[in-house]
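The structure appears right after this line, and notes come after that.
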Amino acid sequence: MDYLPAVRQDNFAEILQPNMTTSFKAIVAGFFLCLITLAAVAQQTISGTVRSSEGPLRHATVRVNGTKDAAFTDKDGKYSLSINRDTFSLTVSLMGYTSQTKSFAAGQATTADWSLEQASRALGEVIVSASRKPESLDNVPSSVTVLSRKTLEDNLAVTSDITQILANEVPGLAPSAQTNSNVGQSLRGRSVLIMIDGIPQSTPLRNGEVDLRSIDPAVLERIDVIKGATAIYGNGASGGLINYITLTPKDNTPIAGKTSVNLTGSLAGLKGSVGGRIGQLLHGKLGKFDYAVSGVYERTGEWKDAKGKLIGTNYSLGETDSYNGFVKLGYAPNRRQRIQLMYNYYSSQQNSNYTLVNGNYLTGQPATGVLGKQTGKPTGINGNHNLQLSWRADSLIGGTSLQTDAYYESRDDVFYVSLGRFEGGDGQSHTLSKKKGFRFMFNSPLTSQGSLSYGADFVNDITSQPLVDGRIWVPEMNMFNVAPFAEAQWKLLDDLILKGGVRMERVKISVADYTTLRITNANGQTITPSFAVKGGDLTYTSTLFNVGVRYNRFPAFQPYASFSQGFSVADVGLALRDAKVDNISKINTEAVLVNNYELGFVSKAQQFRFELTGFVSTSKLGAEMIYDAATDLFNVSRTPERIYGFEATAHYQPVSKLDLNLSFSYAEGKADTGRTGDYNMFLNNRRIAAPKIGSSIFYRPLSGLELQVHYNGILKRDRFDKLPSGLYKGNEGVVNAYHLFNFNASYRVARNTLLTLGIENLFNADYFPARSQWFMIPGFYAKGRGTAFNVGITVNY
């Protein structure tokens, strides 16, 4: 560019009118000098090249943060951008690559070159939910799986079913049933606590096992999966916790957004299977305020098996309408404080044009459907509301920080119609749950290498399971939970990390007097009579501990070990609805205390990462639901349990264009039926999942093009004997192996436009999912989905 020559102030004075005073001349000359200086700044230009390890990057965005000014790279990766600010920062971004930001001062530089790294699934310095405060994954002395935004987007190109995404990506999590229910999808053989930004979604007082589908994955930043019993977030995490972390705006522009449209359907039987999905996200930052607003709607078509036949309609995700509305507003008055308001609404209900045709386990006939009116109300999530107000303050007295939030959650989950089960005929139940909570946590430095976190949780959970016509099946259970806690962490010699904590649970559950419903069999004969039950209060107290150690001195071998305890109130609602006594004080509702022992290590060498974890989980009481075919009832087994197993994961990037992933998980569990210390009975397949293999290949042959193949294999589990009828006892059906492959490709056709193609069950495997096999119940004996497609376009702006 051409710059103006330097001009002396007295040269300006000479061209002014002779009758001007000297002072006035000086003022005018100074004014012109300022204009020239500002003009020179306004005309400053920065140019450069954006590259990756594979060469120049076309269509990369170079943006002046806080403004709408931006430039885009050409086919040679070059850009040029005019700047009219004294100080500024630039951010370079491109879909499929990690963004970079640099700050500049006026005149500091006229060129700026950039080298972007391709976004990878490899775990890096991520922040997790393991300790209620942000921390690096390398500081956690236990097994954690983190699903990054990149991982979620890869999976969304194939399916929006979050239960399937988690099953594909998380070692130790049981396979998905491909339905609106996550029955049997345990974590390491025990129940898992589901949360959204720390707000509990699970209903342990009456576990309907539908909590995994609580939010659309499109509005998630990541998912943290903490494995093994943990009490850090309270009741219900006897097997671990899954925390859905919602999006937080990161751009400094006033407005940015993304629009996505997808077309879905079955390649095994196209007729009636076509569905669609549309999502809109807007986000930005205005001074001290930031916002994110999202809306998602999806309508699925009929789901078909490998032979093109309709999959059984019980809780099927076919013909399902799903809605998700999300708002997050943030205000940061200064660098040390942030106030945030989040609201999310989610519903997912099946509106089918078919009625169920039962399957037959003995003949191998799968459940299907015939045209007809759907029985009862649509099943699924009738509405799940989450509202949260949080405040974070850093650098208080002594360097202490404070995190506090208040929340409200309300959900209504509708189940299938039980034909002829209740007095008077059919009945359809739904769980109603409302949670109100407040919690706070201080974090104070103890030394330069240590910190102490301490606070308390207050939760009020009101849960019931009435029939949709108003009849009371499970009365309201009003739980109030108070739990103070403290946890300390030290880093010694820079590499040795020690953690230890304690949490005290104080739980009170109040139940009013109620009358049980008379339960009948298919012939109308009474199984459980109707009688009055006197209510009252159930109280629980427990003190839980955790301790862990990790040593990071040598990248090739970073060992860790931990002991943690988890607390879970038994399924009180199940005991109440099947009560056979006239007073709840006579019902065994004692809480379950789980001890989890874990030993593992991480090995890193250049582009290779390997992790191996072994675990043992014990409890003096069980919480297993046993199905009694003679009475058609589920009963709670309270025998001691021991579960053990191991998990292994590996990631390798031999070249920058290629990522390889491999995982394996195995668990086994037994019960001590005689309470003698002899664990003599295998836990059933509802509790213990079959061994699972996962692997994936990610290949980027060209700039902007990414190809992925994902394999998920469920191996055989055969632990039980058949009955004379040829069936097995409830939940004990043998699980035969099956192998599934998914494929997806993405191609950036323009700087802001991405095309995606996903193929689920690439080789059209004909199989029954694990739950269909071990459950054996005719209405749920349905096949898995055949080959299905998902074509999408995403536009960023």
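So you can find residues: chains in the structure tokens are A, B, ... in the order shown, residues in each start at 1, and ligands are numbered from 1 in order.
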Selection near Tyr679 of chain A, 7 Å with only C-alpha atoms, sequence-local residues under 5 positions removed, as a list in words: Lys670, Ala671 and Asp672 of chain A
Selected residues, C-alpha atoms, written as a PDB file, in the first residue's frame, please.
ATOM      1  CA  LYS A 670     -22.092 -62.711  40.256  1.00  0.00           C
ATOM      2  CA  ALA A 671     -24.435 -62.683  43.246  1.00  0.00           C
ATOM      3  CA  ASP A 672     -23.965 -64.315  46.650  1.00  0.00           C
TER       4      ASP A 672
END
Can you build me a table of segment 251-317 of chain A residues sitting at most 9 Å from segment 781-796 of chain A, with the closest atom pair per residue and its distance in Å to one decimal, using only C-alpha atoms, sorted by chain and residue number, as JSON lines?
{"residue": "A:Ala256", "atom": "CA", "partner": "A:Asn796", "partner_atom": "CA", "distance": 7.7}
{"residue": "A:Gly257", "atom": "CA", "partner": "A:Asn796", "partner_atom": "CA", "distance": 5.8}
{"residue": "A:Lys258", "atom": "CA", "partner": "A:Asn796", "partner_atom": "CA", "distance": 4.4}
{"residue": "A:Thr259", "atom": "CA", "partner": "A:Val795", "partner_atom": "CA", "distance": 5.3}
{"residue": "A:Ser260", "atom": "CA", "partner": "A:Thr794", "partner_atom": "CA", "distance": 4.3}
{"residue": "A:Val261", "atom": "CA", "partner": "A:Gly792", "partner_atom": "CA", "distance": 5.5}
{"residue": "A:Asn262", "atom": "CA", "partner": "A:Gly792", "partner_atom": "CA", "distance": 4.1}
{"residue": "A:Leu263", "atom": "CA", "partner": "A:Val791", "partner_atom": "CA", "distance": 5.2}
{"residue": "A:Thr264", "atom": "CA", "partner": "A:Asn790", "partner_atom": "CA", "distance": 4.5}
{"residue": "A:Gly265", "atom": "CA", "partner": "A:Phe789", "partner_atom": "CA", "distance": 5.5}
{"residue": "A:Ser266", "atom": "CA", "partner": "A:Ala788", "partner_atom": "CA", "distance": 4.1}
{"residue": "A:Leu267", "atom": "CA", "partner": "A:Ala788", "partner_atom": "CA", "distance": 5.2}
{"residue": "A:Ala268", "atom": "CA", "partner": "A:Thr787", "partner_atom": "CA", "distance": 5.7}
{"residue": "A:Gly269", "atom": "CA", "partner": "A:Gly786", "partner_atom": "CA", "distance": 8.6}
{"residue": "A:Gly276", "atom": "CA", "partner": "A:Asn790", "partner_atom": "CA", "distance": 8.9}
{"residue": "A:Arg277", "atom": "CA", "partner": "A:Gly792", "partner_atom": "CA", "distance": 8.9}
{"residue": "A:Trp303", "atom": "CA", "partner": "A:Arg785", "partner_atom": "CA", "distance": 6.6}
{"residue": "A:Lys304", "atom": "CA", "partner": "A:Arg785", "partner_atom": "CA", "distance": 5.8}
{"residue": "A:Asp305", "atom": "CA", "partner": "A:Gly786", "partner_atom": "CA", "distance": 4.3}
{"residue": "A:Ala306", "atom": "CA", "partner": "A:Gly786", "partner_atom": "CA", "distance": 3.9}
{"residue": "A:Lys307", "atom": "CA", "partner": "A:Gly786", "partner_atom": "CA", "distance": 7.3}
{"residue": "A:Gly308", "atom": "CA", "partner": "A:Gly786", "partner_atom": "CA", "distance": 7.4}
{"residue": "A:Ile311", "atom": "CA", "partner": "A:Ala782", "partner_atom": "CA", "distance": 6.1}
{"residue": "A:Gly312", "atom": "CA", "partner": "A:Ala782", "partner_atom": "CA", "distance": 5.3}
{"residue": "A:Thr313", "atom": "CA", "partner": "A:Ala782", "partner_atom": "CA", "distance": 8.5}
{"residue": "A:Asn314", "atom": "CA", "partner": "A:Ala782", "partner_atom": "CA", "distance": 8.7}
Determine, counting only C-alpha atoms, which protein, DNA and RNA residues have an atom within 10 Å of an atom of segment 182-184 of chain A; residues of the same chain fewer than 6 positions away are not included. Present the result as a JSON list (two decimals) with N, CA, C and O atoms, in the first residue's frame.
[["chain", "number", "residue", "atom", "x", "y", "z"],
["A", 163, "THR", "N", -28.46, -42.77, 22.33],
["A", 163, "THR", "CA", -28.15, -44.06, 22.96],
["A", 163, "THR", "C", -27.22, -44.89, 22.08],
["A", 163, "THR", "O", -26.35, -45.61, 22.57],
["A", 164, "GLN", "N", -27.41, -44.78, 20.76],
["A", 164, "GLN", "CA", -26.55, -45.50, 19.83],
["A", 164, "GLN", "C", -25.16, -44.86, 19.76],
["A", 164, "GLN", "O", -24.14, -45.56, 19.69],
["A", 173, "LEU", "N", -20.16, -49.41, 28.33],
["A", 173, "LEU", "CA", -21.59, -49.12, 28.25],
["A", 173, "LEU", "C", -22.26, -50.18, 27.39],
["A", 173, "LEU", "O", -21.79, -50.50, 26.29],
["A", 174, "ALA", "N", -23.37, -50.73, 27.89],
["A", 174, "ALA", "CA", -24.06, -51.81, 27.20],
["A", 174, "ALA", "C", -24.62, -51.34, 25.86],
["A", 174, "ALA", "O", -24.84, -50.14, 25.65],
["A", 175, "PRO", "N", -24.89, -52.27, 24.92],
["A", 175, "PRO", "CA", -25.39, -51.90, 23.60],
["A", 175, "PRO", "C", -26.74, -51.20, 23.66],
["A", 175, "PRO", "O", -27.54, -51.43, 24.57],
["A", 176, "SER", "N", -26.99, -50.38, 22.66],
["A", 176, "SER", "CA", -28.28, -49.70, 22.55],
["A", 176, "SER", "C", -29.35, -50.69, 22.09],
["A", 176, "SER", "O", -29.08, -51.61, 21.32],
["A", 190, "ARG", "N", -23.97, -51.62, 36.27],
["A", 190, "ARG", "CA", -24.78, -50.90, 37.28],
["A", 190, "ARG", "C", -25.45, -49.69, 36.65],
["A", 190, "ARG", "O", -25.17, -49.32, 35.50],
["A", 191, "SER", "N", -26.34, -49.09, 37.42],
["A", 191, "SER", "CA", -27.10, -47.95, 36.91],
["A", 191, "SER", "C", -26.19, -46.74, 36.75],
["A", 191, "SER", "O", -25.18, -46.59, 37.44],
["A", 207, "ASN", "N", -37.20, -45.94, 38.49],
["A", 207, "ASN", "CA", -36.31, -45.92, 37.34],
["A", 207, "ASN", "C", -37.02, -46.46, 36.10],
["A", 207, "ASN", "O", -37.13, -47.67, 35.90],
["A", 208, "GLY", "N", -37.48, -45.55, 35.25],
["A", 208, "GLY", "CA", -38.14, -45.95, 34.02],
["A", 208, "GLY", "C", -37.16, -46.27, 32.91],
["A", 208, "GLY", "O", -37.57, -46.73, 31.84],
["A", 209, "GLU", "N", -35.88, -46.00, 33.12],
["A", 209, "GLU", "CA", -34.81, -46.30, 32.16],
["A", 209, "GLU", "C", -35.08, -45.68, 30.79],
["A", 209, "GLU", "O", -34.98, -46.34, 29.76],
["A", 210, "VAL", "N", -35.40, -44.41, 30.80],
["A", 210, "VAL", "CA", -35.58, -43.66, 29.56],
["A", 210, "VAL", "C", -34.79, -42.35, 29.59],
["A", 210, "VAL", "O", -35.01, -41.48, 28.76],
["A", 211, "ASP", "N", -33.84, -42.25, 30.52],
["A", 211, "ASP", "CA", -33.18, -40.97, 30.76],
["A", 211, "ASP", "C", -32.04, -40.66, 29.81],
["A", 211, "ASP", "O", -31.64, -39.50, 29.70],
["A", 212, "LEU", "N", -31.50, -41.65, 29.08],
["A", 212, "LEU", "CA", -30.41, -41.35, 28.15],
["A", 212, "LEU", "C", -30.87, -40.40, 27.05],
["A", 212, "LEU", "O", -30.13, -39.53, 26.60],
["A", 213, "ARG", "N", -32.12, -40.56, 26.60],
["A", 213, "ARG", "CA", -32.67, -39.67, 25.57],
["A", 213, "ARG", "C", -33.34, -38.47, 26.25],
["A", 213, "ARG", "O", -34.56, -38.42, 26.38],
["A", 685, "ASN", "N", -28.25, -60.93, 31.92],
["A", 685, "ASN", "CA", -27.79, -60.10, 30.81],
["A", 685, "ASN", "C", -28.39, -58.70, 30.82],
["A", 685, "ASN", "O", -27.91, -57.82, 30.09],
["A", 686, "ARG", "N", -29.42, -58.49, 31.62],
["A", 686, "ARG", "CA", -29.93, -57.12, 31.78],
["A", 686, "ARG", "C", -28.91, -56.28, 32.53],
["A", 686, "ARG", "O", -28.79, -55.08, 32.30],
["A", 687, "ARG", "N", -28.17, -56.92, 33.43],
["A", 687, "ARG", "CA", -27.17, -56.24, 34.23],
["A", 687, "ARG", "C", -25.79, -56.26, 33.57],
["A", 687, "ARG", "O", -25.10, -55.24, 33.54],
["A", 688, "ILE", "N", -25.37, -57.41, 33.11],
["A", 688, "ILE", "CA", -24.01, -57.57, 32.58],
["A", 688, "ILE", "C", -24.08, -57.69, 31.06],
["A", 688, "ILE", "O", -24.66, -58.64, 30.53],
["A", 689, "ALA", "N", -23.47, -56.73, 30.38],
["A", 689, "ALA", "CA", -23.49, -56.74, 28.92],
["A", 689, "ALA", "C", -22.47, -57.73, 28.38],
["A", 689, "ALA", "O", -21.46, -58.03, 29.02],
["A", 731, "ASN", "N", -34.68, -62.25, 31.52],
["A", 731, "ASN", "CA", -33.43, -61.52, 31.29],
["A", 731, "ASN", "C", -32.21, -62.43, 31.13],
["A", 731, "ASN", "O", -31.08, -61.94, 31.13],
["A", 770, "ALA", "N", -29.00, -56.98, 21.28],
["A", 770, "ALA", "CA", -28.78, -57.75, 22.51],
["A", 770, "ALA", "C", -30.02, -57.76, 23.40],
["A", 770, "ALA", "O", -30.39, -58.81, 23.94],
["A", 771, "ARG", "N", -30.69, -56.62, 23.55],
["A", 771, "ARG", "CA", -31.85, -56.60, 24.45],
["A", 771, "ARG", "C", -32.96, -57.49, 23.96],
["A", 771, "ARG", "O", -33.63, -58.17, 24.75],
["A", 774, "TRP", "N", -31.93, -61.13, 25.10],
["A", 774, "TRP", "CA", -32.02, -61.55, 26.50],
["A", 774, "TRP", "C", -33.36, -61.24, 27.13],
["A", 774, "TRP", "O", -33.76, -61.86, 28.10],
["A", 775, "PHE", "N", -34.10, -60.27, 26.58],
["A", 775, "PHE", "CA", -35.40, -59.90, 27.15],
["A", 775, "PHE", "C", -36.45, -60.96, 26.85],
["A", 775, "PHE", "O", -37.26, -61.32, 27.70]]
Two-atom distance - atom CA of Arg132 of chain A, atom CA of Gly437 of chain A (Å):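 According to the coordinates, atom CA of Arg132 of chain A and atom CA of Gly437 of chain A are separated by 15.5 Å.
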Residues near Gly399 of chain A, cut-off 8 Å, only C-alpha atoms, skip fewer than 4 positions along chain, as a ChimeraX atom specification: /A:394-395,444-445
Requested write-out: C-alpha atoms of the selected residues, as a PDB file, in the first residue's frame:
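Everything below was put into part.pdb:
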ATOM      1  CA  ASP A 394     -12.989 -16.348  40.597  1.00  0.00           C
ATOM      2  CA  SER A 395     -10.192 -14.730  42.623  1.00  0.00           C
ATOM      3  CA  SER A 444      -9.521 -22.687  47.703  1.00  0.00           C
ATOM      4  CA  PRO A 445      -5.783 -23.048  47.149  1.00  0.00           C
TER       5      PRO A 445
END
From the list A:Gly548, A:Gly669, A:Gly272, A:Gly330, which residue is nearest Ala488 of chain A when using only C-alpha atoms?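 Of the candidates, the smallest distance to Ala488 of chain A is held by A:Gly548.
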